[in-house]
Amino acid sequence: MKDKNTIKQRLSLECVLRYYGYILFNYPDGFLHCPFHMENTPSFHYDLVKNSFFCHGQGCGANGDIFNFIQLKEGCSFFEAISIAERILEEYETKVFLPRLKTENQRKDHRNKQKRA
Ligand SMILES: [Zn+2]
């Protein structure tokens with residue numbers, strides 16, 4: 001497995017957000033509907049310069065870097081998040097992004113189906 005800092009240097013938050021199907025309209029920072037709590041007004045702030053995010057939603061407080069985002073999104077451990085980040089980076093660098101599927105488990109299913117076909 002690649003070193004966590006190496007992954008972080010090469011995999012941007014923008015890439016991770018796009019991987020999970022988020023469309024960014026504002027650069028280099030802006031707001032999205034928070035993926036981690038229900039809300040009507042976007043309070044999830046991303047910063048593509050710092051590659052970090054912070055949710056201003058009441059009682060949410062989600063924040064961190066690409067690994068924290070993946071960890072929250074997948075509900076996995078920090079260690080697993082690093083290996084998922086590594087896989088996202090590989091897909092990104094080989095330009096073979098899988099279709100926008102919500103979670104890593106769905107992606108696994110998708111990959112297995114492709115293998116069988
Ligand atoms: Zn939130």
# chains A, B, ... in the order shown; residues from 1 in each chain; ligands from 1
$ residues_near_ligand --ligand "ligand 1" --cutoff "7 Å" --atoms "only C-alpha atoms and all ligand atoms" --output "short mmCIF file (atom, residue, chain, number, x, y, z; two decimals) with all heavy atoms, in the first residue's frame"
data_model
loop_
_atom_site.label_atom_id
_atom_site.label_comp_id
_atom_site.auth_asym_id
_atom_site.auth_seq_id
_atom_site.Cartn_x
_atom_site.Cartn_y
_atom_site.Cartn_z
N CYS A 34 -24.73 18.77 2.59
CA CYS A 34 -23.89 17.87 3.37
C CYS A 34 -24.30 16.41 3.15
O CYS A 34 -25.47 16.07 3.25
CB CYS A 34 -23.98 18.21 4.85
SG CYS A 34 -22.96 17.13 5.87
N PRO A 35 -23.33 15.56 2.82
CA PRO A 35 -23.63 14.14 2.62
C PRO A 35 -23.92 13.43 3.94
O PRO A 35 -24.38 12.30 3.94
CB PRO A 35 -22.35 13.58 2.01
CG PRO A 35 -21.47 14.74 1.72
CD PRO A 35 -21.91 15.86 2.59
N PHE A 36 -23.63 14.07 5.07
CA PHE A 36 -23.67 13.38 6.35
C PHE A 36 -24.81 13.80 7.26
O PHE A 36 -24.93 13.31 8.36
CB PHE A 36 -22.32 13.54 7.05
CG PHE A 36 -21.16 13.20 6.15
CD1 PHE A 36 -20.22 14.16 5.81
CD2 PHE A 36 -21.05 11.93 5.61
CE1 PHE A 36 -19.17 13.86 4.95
CE2 PHE A 36 -20.01 11.62 4.75
CZ PHE A 36 -19.06 12.59 4.42
N HIS A 37 -25.62 14.76 6.84
CA HIS A 37 -26.85 15.04 7.58
C HIS A 37 -27.88 15.63 6.62
O HIS A 37 -27.54 16.11 5.54
CB HIS A 37 -26.58 15.95 8.79
CG HIS A 37 -26.47 17.42 8.46
ND1 HIS A 37 -25.32 18.01 8.01
CD2 HIS A 37 -27.40 18.40 8.53
CE1 HIS A 37 -25.52 19.30 7.83
NE2 HIS A 37 -26.78 19.57 8.12
N SER A 43 -24.58 23.44 3.73
CA SER A 43 -23.70 23.97 4.78
C SER A 43 -22.38 23.20 4.84
O SER A 43 -21.57 23.39 5.73
CB SER A 43 -24.40 23.93 6.14
OG SER A 43 -24.81 22.61 6.42
N PHE A 44 -22.20 22.35 3.85
CA PHE A 44 -20.95 21.58 3.77
C PHE A 44 -19.95 22.39 2.95
O PHE A 44 -20.11 22.56 1.75
CB PHE A 44 -21.25 20.23 3.10
CG PHE A 44 -20.04 19.35 2.90
CD1 PHE A 44 -19.66 18.45 3.86
CD2 PHE A 44 -19.32 19.42 1.71
CE1 PHE A 44 -18.56 17.62 3.66
CE2 PHE A 44 -18.22 18.60 1.50
CZ PHE A 44 -17.84 17.70 2.47
N CYS A 55 -18.38 20.91 7.85
CA CYS A 55 -19.82 21.13 7.78
C CYS A 55 -20.25 22.06 8.91
O CYS A 55 -19.96 21.81 10.08
CB CYS A 55 -20.56 19.80 7.89
SG CYS A 55 -22.35 20.05 7.90
N HIS A 56 -20.94 23.15 8.51
CA HIS A 56 -21.41 24.12 9.49
C HIS A 56 -22.80 23.78 10.02
O HIS A 56 -23.37 24.54 10.77
CB HIS A 56 -21.41 25.53 8.87
CG HIS A 56 -20.04 25.98 8.47
ND1 HIS A 56 -19.20 26.68 9.31
CD2 HIS A 56 -19.35 25.80 7.32
CE1 HIS A 56 -18.05 26.92 8.68
NE2 HIS A 56 -18.12 26.40 7.48
N GLY A 57 -23.34 22.67 9.54
CA GLY A 57 -24.68 22.26 9.97
C GLY A 57 -24.72 22.00 11.47
O GLY A 57 -23.77 21.46 12.04
N CYS A 60 -23.75 18.58 13.29
CA CYS A 60 -23.09 17.68 12.34
C CYS A 60 -21.59 17.68 12.60
O CYS A 60 -21.05 16.73 13.13
CB CYS A 60 -23.41 18.06 10.91
SG CYS A 60 -22.61 16.99 9.70
N GLY A 61 -20.96 18.79 12.23
CA GLY A 61 -19.55 18.94 12.55
C GLY A 61 -18.61 18.04 11.78
O GLY A 61 -17.45 17.87 12.15
N ALA A 62 -19.10 17.41 10.68
CA ALA A 62 -18.21 16.60 9.86
C ALA A 62 -17.09 17.48 9.33
O ALA A 62 -17.33 18.59 8.86
CB ALA A 62 -18.98 15.98 8.70
#
$ residues_around --residues "Met1 (chain A)" --least-positions-apart "4" --cutoff "9 Å" --atoms "only C-alpha atoms" --output "PyMOL selection string"
chain A and resi 82-83+86
$ atom_distance --atom1 "CA of Ile88 (chain A)" --atom2 "CA of Arg111 (chain A)"
13.7 Å
$ select_by_dssp --residues "chain A" --states "alpha helix (DSSP H)" --output "ChimeraX atom specification"
/A:4-10,13-19,66-74,78-93,104-116
$ write_last_selection --atoms "C-alpha atoms" --output "short mmCIF file (atom, residue, chain, number, x, y, z; two decimals), in the first residue's frame"
data_model
loop_
_atom_site.label_atom_id
_atom_site.label_comp_id
_atom_site.auth_asym_id
_atom_site.auth_seq_id
_atom_site.Cartn_x
_atom_site.Cartn_y
_atom_site.Cartn_z
CA LYS A 4 -0.85 7.92 3.23
CA ASN A 5 0.98 11.19 2.55
CA THR A 6 1.84 10.13 -0.99
CA ILE A 7 -1.83 9.38 -1.65
CA LYS A 8 -2.85 12.69 -0.14
CA GLN A 9 -0.43 14.60 -2.33
CA ARG A 10 -1.76 13.03 -5.51
CA LEU A 13 -10.53 16.44 -2.49
CA GLU A 14 -12.11 17.53 -5.77
CA CYS A 15 -11.33 14.14 -7.25
CA VAL A 16 -12.82 12.34 -4.26
CA LEU A 17 -15.99 14.48 -4.37
CA ARG A 18 -16.36 13.80 -8.09
CA TYR A 19 -15.79 10.12 -7.50
CA ILE A 66 -9.94 13.11 1.92
CA PHE A 67 -9.48 10.16 4.25
CA ASN A 68 -12.01 11.48 6.77
CA PHE A 69 -14.48 12.09 3.94
CA ILE A 70 -14.12 8.54 2.62
CA GLN A 71 -14.30 7.13 6.14
CA LEU A 72 -17.57 8.96 6.85
CA LYS A 73 -18.99 8.19 3.43
CA GLU A 74 -18.23 4.49 3.56
CA PHE A 78 -9.52 5.14 8.82
CA PHE A 79 -7.21 2.37 7.67
CA GLU A 80 -9.79 1.10 5.15
CA ALA A 81 -10.33 4.66 3.98
CA ILE A 82 -6.66 4.85 3.06
CA SER A 83 -6.87 1.74 0.91
CA ILE A 84 -10.08 3.01 -0.75
CA ALA A 85 -8.31 6.32 -1.43
CA GLU A 86 -5.48 4.40 -3.02
CA ARG A 87 -7.94 2.61 -5.29
CA ILE A 88 -9.66 5.88 -6.23
CA LEU A 89 -6.25 7.29 -7.09
CA GLU A 90 -5.43 4.31 -9.29
CA GLU A 91 -8.74 4.62 -11.13
CA TYR A 92 -8.24 8.33 -11.50
CA GLU A 93 -4.73 7.98 -12.86
CA GLU A 104 -17.63 1.04 -2.26
CA ASN A 105 -19.74 -2.10 -1.77
CA GLN A 106 -21.83 -1.25 -4.81
CA ARG A 107 -18.62 -0.74 -6.73
CA LYS A 108 -17.35 -4.12 -5.64
CA ASP A 109 -20.57 -5.71 -6.89
CA HIS A 110 -20.18 -3.86 -10.14
CA ARG A 111 -16.60 -5.05 -10.56
CA ASN A 112 -17.53 -8.64 -9.79
CA LYS A 113 -20.37 -8.54 -12.31
CA GLN A 114 -17.98 -7.22 -14.93
CA LYS A 115 -15.53 -10.00 -14.17
CA ARG A 116 -18.22 -12.63 -14.58
#
$ atom_distance --atom1 "CA of Leu32 (chain A)" --atom2 "CA of Tyr46 (chain A)"
7.7 Å
$ select_by_dssp --residues "region 1-116 of chain A" --states "strand (DSSP E or B)" --output "list in words"
Asp29, Gly30, Phe31, Leu32, Phe44, His45, Tyr46, Asp47, Ser52, Phe53, Phe54, Cys55, Asn63 and Gly64 of chain A
$ atom_distance --atom1 "CA of Lys2 (chain A)" --atom2 "CA of Asp47 (chain A)"
24.3 Å
$ closest_residue --among "A:Gly21, A:Gly75, A:Gly30, A:Gly64" --to "Leu48 (chain A)" --atoms "only C-alpha atoms"
A:Gly30
